[in-house]
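Listing of data-v2.csv, CSV, C-alpha atoms and all ligand atoms
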chain,number,residue,atom,x,y,z
A,1,MET,CA,28.8,-13.5,11.8
A,2,THR,CA,31.5,-16.0,11.3
A,3,ALA,CA,29.9,-19.4,10.8
A,4,ALA,CA,29.8,-20.9,7.3
A,5,VAL,CA,26.1,-20.6,6.6
A,6,LEU,CA,24.3,-19.9,3.4
A,7,TYR,CA,21.1,-18.0,4.1
A,8,ILE,CA,18.4,-17.9,1.4
A,9,VAL,CA,16.8,-14.6,2.1
A,10,ALA,CA,13.4,-13.5,0.6
A,11,THR,CA,12.9,-9.8,-0.2
A,12,PRO,CA,9.7,-7.9,-1.1
A,13,ILE,CA,7.9,-8.4,-4.5
A,14,GLY,CA,7.0,-4.7,-4.6
A,15,ASN,CA,6.0,-3.3,-1.3
A,16,LEU,CA,9.1,-2.6,0.9
A,17,GLY,CA,6.9,-3.0,4.0
A,18,ASP,CA,7.0,-6.8,3.3
A,19,MET,CA,10.7,-7.0,4.2
A,20,THR,CA,10.9,-9.1,7.4
A,21,TYR,CA,12.8,-8.0,10.5
A,22,ARG,CA,14.8,-11.1,10.3
A,23,ALA,CA,15.8,-10.5,6.7
A,24,VAL,CA,17.1,-7.0,7.7
A,25,ARG,CA,19.0,-8.5,10.6
A,26,ILE,CA,20.6,-11.3,8.6
A,27,LEU,CA,21.6,-9.1,5.7
A,28,GLY,CA,23.1,-6.6,8.0
A,29,GLU,CA,25.2,-9.3,9.7
A,30,VAL,CA,26.5,-11.7,7.0
A,31,ASP,CA,30.1,-11.5,5.6
A,32,LEU,CA,28.9,-11.4,2.0
A,33,ILE,CA,25.6,-10.8,0.1
A,34,ALA,CA,25.2,-12.6,-3.2
A,35,ALA,CA,22.7,-10.8,-5.3
A,36,GLU,CA,21.1,-11.5,-8.7
A,37,ASP,CA,21.7,-7.9,-9.7
A,38,THR,CA,23.9,-5.9,-7.3
A,39,ARG,CA,22.8,-2.5,-8.6
A,40,HIS,CA,19.1,-3.4,-8.2
A,41,SER,CA,19.6,-4.9,-4.7
A,42,LEU,CA,21.7,-1.9,-3.6
A,43,LYS,CA,18.6,0.3,-3.6
A,44,LEU,CA,16.8,-2.2,-1.3
A,45,LEU,CA,19.9,-2.5,1.0
A,46,ASN,CA,20.3,1.3,1.1
A,47,HIS,CA,16.7,1.7,2.0
A,48,PHE,CA,17.2,-0.5,5.1
A,49,GLY,CA,20.6,1.0,5.9
A,50,ILE,CA,22.4,-2.2,5.2
A,51,SER,CA,26.0,-2.0,4.0
A,52,ARG,CA,27.8,-5.3,3.5
A,53,PRO,CA,30.2,-6.6,0.8
A,54,MET,CA,28.3,-7.8,-2.3
A,55,THR,CA,28.9,-10.1,-5.2
A,56,SER,CA,26.6,-10.8,-8.2
A,57,TYR,CA,25.1,-14.2,-8.8
A,58,PHE,CA,23.0,-14.8,-11.8
A,59,ASP,CA,22.3,-17.4,-14.4
A,60,HIS,CA,25.1,-16.9,-16.9
A,61,ASN,CA,27.9,-16.6,-14.4
A,62,GLN,CA,26.6,-19.3,-12.0
A,63,GLN,CA,29.6,-21.5,-12.5
A,64,PHE,CA,32.2,-18.9,-11.8
A,65,LYS,CA,30.5,-17.0,-9.0
A,66,GLY,CA,29.1,-20.1,-7.6
A,67,GLU,CA,32.7,-21.4,-7.0
A,68,ARG,CA,33.7,-18.0,-5.5
A,69,ILE,CA,30.7,-18.0,-3.1
A,70,LEU,CA,31.4,-21.6,-2.1
A,71,ASN,CA,35.0,-20.7,-1.4
A,72,ALA,CA,33.9,-18.0,0.9
A,73,LEU,CA,31.6,-20.5,2.7
A,74,ARG,CA,34.5,-23.0,2.9
A,75,GLN,CA,36.6,-20.3,4.6
A,76,GLY,CA,33.9,-20.1,7.3
A,77,LYS,CA,32.2,-17.0,6.0
A,78,SER,CA,28.5,-16.4,6.1
A,79,VAL,CA,26.7,-15.6,2.9
A,80,ALA,CA,23.1,-14.4,2.2
A,81,LEU,CA,21.6,-15.1,-1.3
A,82,ILE,CA,19.0,-12.6,-2.5
A,83,SER,CA,17.2,-12.2,-5.8
A,84,ASP,CA,15.7,-9.1,-7.5
A,85,ALA,CA,12.4,-9.8,-5.8
A,86,GLY,CA,10.7,-12.5,-3.7
A,87,THR,CA,12.2,-15.8,-2.7
A,88,PRO,CA,15.5,-16.8,-4.3
A,89,CYS,CA,15.5,-20.1,-6.3
A,90,VAL,CA,11.8,-19.8,-7.1
A,91,SER,CA,12.0,-19.1,-10.8
A,92,ASP,CA,15.1,-17.3,-9.9
A,93,PRO,CA,18.8,-18.3,-9.7
A,94,GLY,CA,20.2,-20.1,-6.7
A,95,TYR,CA,19.3,-23.7,-7.0
A,96,GLN,CA,22.7,-24.9,-8.1
A,97,LEU,CA,24.4,-22.9,-5.3
A,98,VAL,CA,22.1,-24.5,-2.7
A,99,ARG,CA,22.6,-27.9,-4.2
A,100,ASP,CA,26.4,-27.5,-4.1
A,101,ALA,CA,26.4,-26.1,-0.5
A,102,VAL,CA,24.2,-29.1,0.6
A,103,ALA,CA,26.6,-31.5,-1.1
A,104,GLU,CA,29.5,-30.0,0.9
A,105,GLY,CA,27.7,-30.2,4.2
A,106,ILE,CA,27.4,-26.4,4.5
A,107,PRO,CA,24.2,-25.5,6.4
A,108,VAL,CA,21.6,-23.7,4.3
A,109,ILE,CA,19.0,-21.7,6.2
A,110,PRO,CA,15.9,-20.2,4.6
A,111,VAL,CA,14.8,-16.8,5.7
A,112,PRO,CA,11.2,-16.8,4.4
A,113,GLY,CA,9.2,-13.9,3.1
A,114,ALA,CA,7.4,-12.8,0.0
A,115,CYS,CA,6.8,-15.1,-2.9
A,116,ALA,CA,4.5,-14.0,-5.8
A,117,ALA,CA,3.1,-17.6,-6.3
A,118,VAL,CA,2.1,-18.1,-2.7
A,119,ALA,CA,0.8,-14.5,-2.3
A,120,ALA,CA,-1.4,-15.0,-5.4
A,121,LEU,CA,-2.6,-18.4,-4.4
A,122,SER,CA,-3.5,-17.3,-0.9
A,123,ALA,CA,-5.8,-14.6,-2.1
A,124,SER,CA,-7.1,-16.4,-5.2
A,125,GLY,CA,-10.1,-18.2,-3.7
A,126,LEU,CA,-9.0,-21.3,-5.6
A,127,PRO,CA,-8.2,-24.6,-3.8
A,128,THR,CA,-5.0,-24.3,-1.8
A,129,ASP,CA,-4.7,-27.7,-0.2
A,130,ASN,CA,-3.2,-29.1,-3.4
A,131,PHE,CA,-1.5,-27.0,-6.0
A,132,THR,CA,1.3,-27.2,-8.6
A,133,PHE,CA,3.7,-24.4,-9.2
A,134,ALA,CA,5.0,-24.8,-12.7
A,135,GLY,CA,7.0,-21.6,-13.2
A,136,PHE,CA,7.0,-19.8,-16.6
A,137,PRO,CA,5.3,-21.7,-19.5
A,138,PRO,CA,7.4,-22.0,-22.6
A,139,SER,CA,7.2,-18.9,-24.7
A,140,ARG,CA,6.5,-20.7,-28.1
A,141,GLN,CA,2.9,-21.7,-28.6
A,142,GLY,CA,3.6,-25.3,-29.6
A,143,LYS,CA,5.7,-26.1,-26.6
A,144,ARG,CA,3.4,-24.1,-24.3
A,145,ARG,CA,0.4,-26.1,-25.4
A,146,ALA,CA,2.3,-29.4,-24.9
A,147,PHE,CA,3.4,-28.2,-21.5
A,148,LEU,CA,-0.2,-27.2,-20.5
A,149,LYS,CA,-1.6,-30.6,-21.8
A,150,GLU,CA,0.8,-32.3,-19.4
A,151,MET,CA,-0.8,-30.3,-16.5
A,152,SER,CA,-4.4,-31.1,-17.5
A,153,ALA,CA,-4.9,-34.1,-15.3
A,154,LEU,CA,-3.4,-32.5,-12.1
A,155,PRO,CA,-5.9,-32.6,-9.2
A,156,GLY,CA,-5.1,-29.2,-7.7
A,157,THR,CA,-4.7,-25.5,-8.7
A,158,LEU,CA,-2.1,-24.7,-11.3
A,159,VAL,CA,0.1,-21.7,-10.5
A,160,LEU,CA,2.1,-20.1,-13.4
A,161,TYR,CA,4.3,-17.0,-13.8
A,162,GLU,CA,3.9,-15.1,-17.1
A,163,ALA,CA,5.3,-12.1,-18.8
A,164,PRO,CA,2.6,-9.4,-19.2
A,165,HIS,CA,2.9,-9.3,-23.0
A,166,ARG,CA,2.2,-13.1,-23.2
A,167,LEU,CA,-0.7,-13.1,-20.8
A,168,LEU,CA,-3.4,-13.1,-23.5
A,169,GLU,CA,-1.8,-15.9,-25.7
A,170,SER,CA,-1.2,-18.0,-22.6
A,171,LEU,CA,-4.8,-17.6,-21.5
A,172,LEU,CA,-5.9,-18.6,-25.0
A,173,ASP,CA,-3.8,-21.7,-24.8
A,174,ILE,CA,-5.1,-22.5,-21.4
A,175,ARG,CA,-8.7,-22.4,-22.8
A,176,GLU,CA,-7.7,-24.5,-25.8
A,177,THR,CA,-5.9,-27.2,-23.8
A,178,LEU,CA,-7.5,-27.2,-20.4
A,179,GLY,CA,-11.0,-26.0,-21.3
A,180,GLU,CA,-13.2,-23.1,-20.0
A,181,ARG,CA,-11.9,-23.3,-16.4
A,182,GLN,CA,-12.0,-20.7,-13.6
A,183,VAL,CA,-8.8,-18.7,-13.5
A,184,VAL,CA,-7.4,-15.9,-11.5
A,185,VAL,CA,-4.9,-13.4,-12.8
A,186,ALA,CA,-3.0,-11.7,-10.0
A,187,ARG,CA,-1.2,-8.6,-11.3
A,188,GLU,CA,1.2,-6.2,-9.5
A,189,LEU,CA,0.8,-7.8,-6.1
A,190,THR,CA,1.6,-5.6,-3.2
A,191,LYS,CA,2.0,-2.6,-5.5
A,192,ILE,CA,-0.2,0.5,-6.3
A,193,TYR,CA,-2.0,-1.1,-9.2
A,194,GLU,CA,-2.5,-4.4,-7.6
A,195,GLU,CA,-5.4,-6.3,-9.2
A,196,LEU,CA,-6.9,-9.8,-8.9
A,197,VAL,CA,-9.2,-10.7,-11.8
A,198,ARG,CA,-11.3,-13.8,-11.3
A,199,GLY,CA,-13.7,-15.7,-13.6
A,200,SER,CA,-13.8,-18.1,-16.6
A,201,VAL,CA,-10.8,-18.0,-18.9
A,202,SER,CA,-12.9,-16.2,-21.5
A,203,LYS,CA,-14.1,-13.5,-19.0
A,204,VAL,CA,-10.5,-12.9,-17.8
A,205,MET,CA,-9.3,-12.7,-21.4
A,206,GLU,CA,-11.9,-10.1,-22.2
A,207,HIS,CA,-10.6,-8.0,-19.2
A,208,ALA,CA,-7.0,-8.5,-20.3
A,209,ALA,CA,-7.8,-7.5,-23.9
A,210,GLN,CA,-9.2,-4.1,-22.8
A,211,GLY,CA,-5.7,-2.5,-22.8
A,212,LYS,CA,-2.0,-3.2,-22.7
A,213,VAL,CA,-1.3,-5.5,-19.8
A,214,ARG,CA,1.4,-3.9,-17.6
A,215,GLY,CA,3.4,-5.1,-14.7
A,216,GLU,CA,3.9,-8.6,-13.3
A,217,VAL,CA,1.4,-11.4,-13.4
A,218,VAL,CA,0.7,-14.7,-11.8
A,219,ILE,CA,-1.9,-17.0,-13.5
A,220,LEU,CA,-3.8,-19.5,-11.4
A,221,VAL,CA,-6.0,-22.2,-13.0
A,222,ALA,CA,-8.7,-24.0,-11.0
A,223,PRO,CA,-8.6,-27.8,-11.1
A,224,GLY,CA,-10.5,-29.5,-13.9
A,225,LYS,CA,-12.8,-31.3,-11.6
A,226,ALA,CA,-13.8,-30.0,-8.2
A,227,MET,CA,-12.2,-31.8,-5.3
A,228,PRO,CA,-14.4,-33.0,-2.4
A,229,ARG,CA,-13.7,-29.9,-0.3
A,230,GLU,CA,-14.7,-27.6,-3.1
A,231,VAL,CA,-17.9,-29.6,-3.8
A,232,GLU,CA,-18.7,-29.2,-0.2
A,233,ALA,CA,-18.1,-25.4,-0.4
A,234,LEU,CA,-20.1,-25.2,-3.6
A,235,THR,CA,-23.1,-27.0,-2.0
A,236,ASP,CA,-22.9,-24.8,1.0
A,237,VAL,CA,-22.9,-21.6,-1.1
A,238,LEU,CA,-25.7,-22.8,-3.4
A,239,ARG,CA,-27.9,-23.7,-0.4
A,240,ARG,CA,-27.5,-20.2,0.9
A,241,VAL,CA,-28.1,-18.5,-2.4
A,242,MET,CA,-31.1,-20.7,-3.2
A,243,THR,CA,-33.0,-20.1,0.0
A,244,ASP,CA,-34.5,-17.3,-2.1
A,245,ASP,CA,-36.8,-19.2,-4.5
A,246,SER,CA,-36.8,-16.3,-7.0
A,247,VAL,CA,-33.1,-16.9,-7.8
A,248,SER,CA,-32.9,-19.1,-10.9
A,249,VAL,CA,-30.7,-22.2,-11.1
A,250,LYS,CA,-28.6,-20.5,-13.7
A,251,ASP,CA,-28.0,-17.4,-11.6
A,252,ALA,CA,-27.3,-19.4,-8.5
A,253,ALA,CA,-24.8,-21.6,-10.4
A,254,ARG,CA,-23.1,-18.5,-11.8
A,255,LYS,CA,-22.8,-16.8,-8.4
A,256,ALA,CA,-21.6,-20.0,-6.7
A,257,SER,CA,-19.1,-20.7,-9.4
A,258,GLU,CA,-17.6,-17.2,-9.1
A,259,ILE,CA,-17.3,-17.6,-5.3
A,260,THR,CA,-15.9,-21.1,-5.1
A,261,GLY,CA,-14.0,-21.4,-8.4
A,262,VAL,CA,-15.9,-24.6,-9.3
A,263,SER,CA,-16.7,-24.7,-13.0
A,264,ARG,CA,-20.1,-23.2,-14.0
A,265,SER,CA,-21.3,-26.5,-15.5
A,266,GLU,CA,-20.6,-28.4,-12.3
A,267,ALA,CA,-22.2,-25.7,-10.2
A,268,TYR,CA,-25.3,-25.8,-12.5
A,269,ASP,CA,-25.6,-29.6,-12.1
A,270,GLU,CA,-25.4,-29.3,-8.3
A,271,ALA,CA,-27.9,-26.3,-8.2
A,272,LEU,CA,-30.3,-28.4,-10.3
A,273,ARG,CA,-30.0,-31.3,-7.9
A,274,ILE,CA,-30.6,-29.0,-4.9
A,275,ARG,CA,-33.7,-27.4,-6.5
A,276,ASN,CA,-35.1,-30.7,-7.5
A,277,ASN,CA,-34.6,-32.2,-4.1
A,278,ALA,CA,-36.3,-29.2,-2.5
A,279,ASP,CA,-39.5,-29.6,-4.6
A,301,LIG,N1,11.4,-15.3,-7.0
A,301,LIG,C1,10.2,-14.6,-7.3
A,301,LIG,C2,9.1,-14.9,-6.3
A,301,LIG,O1,9.4,-15.5,-5.2
A,301,LIG,O2,7.9,-14.6,-6.5
A,301,LIG,C3,9.8,-14.8,-8.7
A,301,LIG,C4,10.8,-14.3,-9.7
A,301,LIG,S1,10.3,-14.5,-11.3
A,301,LIG,C5,11.8,-14.1,-12.2
A,301,LIG,C6,9.4,-13.1,-11.7
A,301,LIG,C7,7.9,-13.5,-11.9
A,301,LIG,O3,7.2,-13.6,-10.7
A,301,LIG,C8,7.1,-12.4,-12.7
A,301,LIG,O4,7.3,-12.5,-14.1
A,301,LIG,C9,5.7,-12.6,-12.3
A,301,LIG,O5,5.2,-13.7,-12.9
A,301,LIG,C10,5.9,-13.0,-10.8
A,301,LIG,N2,5.9,-11.8,-9.9
A,301,LIG,C11,6.9,-11.2,-9.2
A,301,LIG,N3,6.4,-10.2,-8.5
A,301,LIG,C12,5.1,-10.1,-8.8
A,301,LIG,C13,4.1,-9.2,-8.3
A,301,LIG,N4,4.4,-8.2,-7.5
A,301,LIG,N5,2.8,-9.4,-8.8
A,301,LIG,C14,2.5,-10.4,-9.6
A,301,LIG,N6,3.5,-11.3,-10.0
A,301,LIG,C15,4.7,-11.1,-9.6
Go through the file and emit its structure as structure tokens.
Amino acid sequence: MTAAVLYIVATPIGNLGDMTYRAVRILGEVDLIAAEDTRHSLKLLNHFGISRPMTSYFDHNQQFKGERILNALRQGKSVALISDAGTPCVSDPGYQLVRDAVAEGIPVIPVPGACAAVAALSASGLPTDNFTFAGFPPSRQGKRRAFLKEMSALPGTLVLYEAPHRLLESLLDIRETLGERQVVVARELTKIYEELVRGSVSKVMEHAAQGKVRGEVVILVAPGKAMPREVEALTDVLRRVMTDDSVSVKDAARKASEITGVSRSEAYDEALRIRNNAD
């Protein structure tokens, strides 16, 4: 490959079967692979029988290596940027390199694939038509609460990355600042111990408190107030559940809230309205 192109290549977030054919082809053809951690990425490249010159590119040497990578591109070489897992630049290094390449008129081509935020969102059952990815919340409680407060009025689902040892404290702060919303914790996606825990913040906290949280986690928080599409889905689910007259309004609301992600109190009000109208 001889054209000056910077490829942003996504790699798996656990399951090597998620590597795309195109990623394997591009990585096998480029003049240089820029990796967040060359030793880590070497295992992946060996697995796919890829052997190309490599250089490291991570946060604290961005300036220096960035310039070296840009020089390779200026000389007409093709470069693929990869991170330790998932999509480079998404809570991973790479943004500055992409920005500089764009500024110099060097073509930047995405080679899409796994991304923990999108994978978690897609299976969460929470609204997907409007969401905010806010990366890692600050690690200190005061800053984290201020950060979450800023997110409180957002109309869509909030998607966060979190370290496993901070999961419980973050969930606590979510409950304190955003209220008892529906949340989903997606842990170890695509790996052996993959788990998606859904429910109110308190219920998910109870689950997380049962043992030491291990592995990687994504936290998803339902919007504070249900959006029109979710209200529609809620009404639909409630009508089906409530065709059986023996189901109480409370039980119907609980079930519909679990299925749709709409808060239990909103589900309760809607269930009450449906039952009253039916009388
Ligand atoms: N660039 C990556 C991506 O596209 O998903 C994210 C890199 S960021 C440094 C790492 C964080 O992503 C983890 O702390 C966790 O929040 C999330 N993550 C990565 N892999 C995951 C997985 N298999 N299951 C759940 N969360 C994961």
Contacts of segment 47-55 of chain A at 6 Å (all atoms listed in the file; same-chain gap of 4+ positions) as a list in words: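 Near neighbours after the sequence-gap exclusion: Gly28, Leu32, Ile33 and Ala34 of chain A.
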Distance query segment 256-272 of chain A at most 9 Å, all atoms listed in the file, self and fewer than 4 positions along chain excluded, as a PyMOL selection string: chain A and resi 125-127+180-183+198-200+222-226+230-231+233-235+237-239+241-242+249-252+276-277
Point-to-point distance from atom CA of Lys65 of chain A to atom CA of Leu97 of chain A, Å rounded to tenths: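 Separation of atom CA of Lys65 of chain A and atom CA of Leu97 of chain A: 9.3 Å.
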Answer as JSON, numbers by chain, residues within 8 Å of (8.1, -19.9, -14.6) using only C-alpha atoms: {"A": [91, 134, 135, 136, 137, 160, 161, 162]}
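The binding environment of ligand LIG 301 (chain A), defined as every protein, DNA or RNA residue with an atom no more than 7 Å away and counting all atoms listed in the file, comprises Ile13, Gly14, Ser83, Ala85, Gly86, Thr87, Pro88, Cys89, Val90, Ser91, Asp92, Ala114, Cys115, Ala116, Ala117, Tyr161, Glu162, Ala163, Ala186, Arg187, Glu188, Leu189, Thr190, Lys191, Glu216, Val217 and Val218 of chain A.
Here atom CA of Ile106 of chain A and atom CA of Gly76 of chain A stand 9.5 Å from one another.
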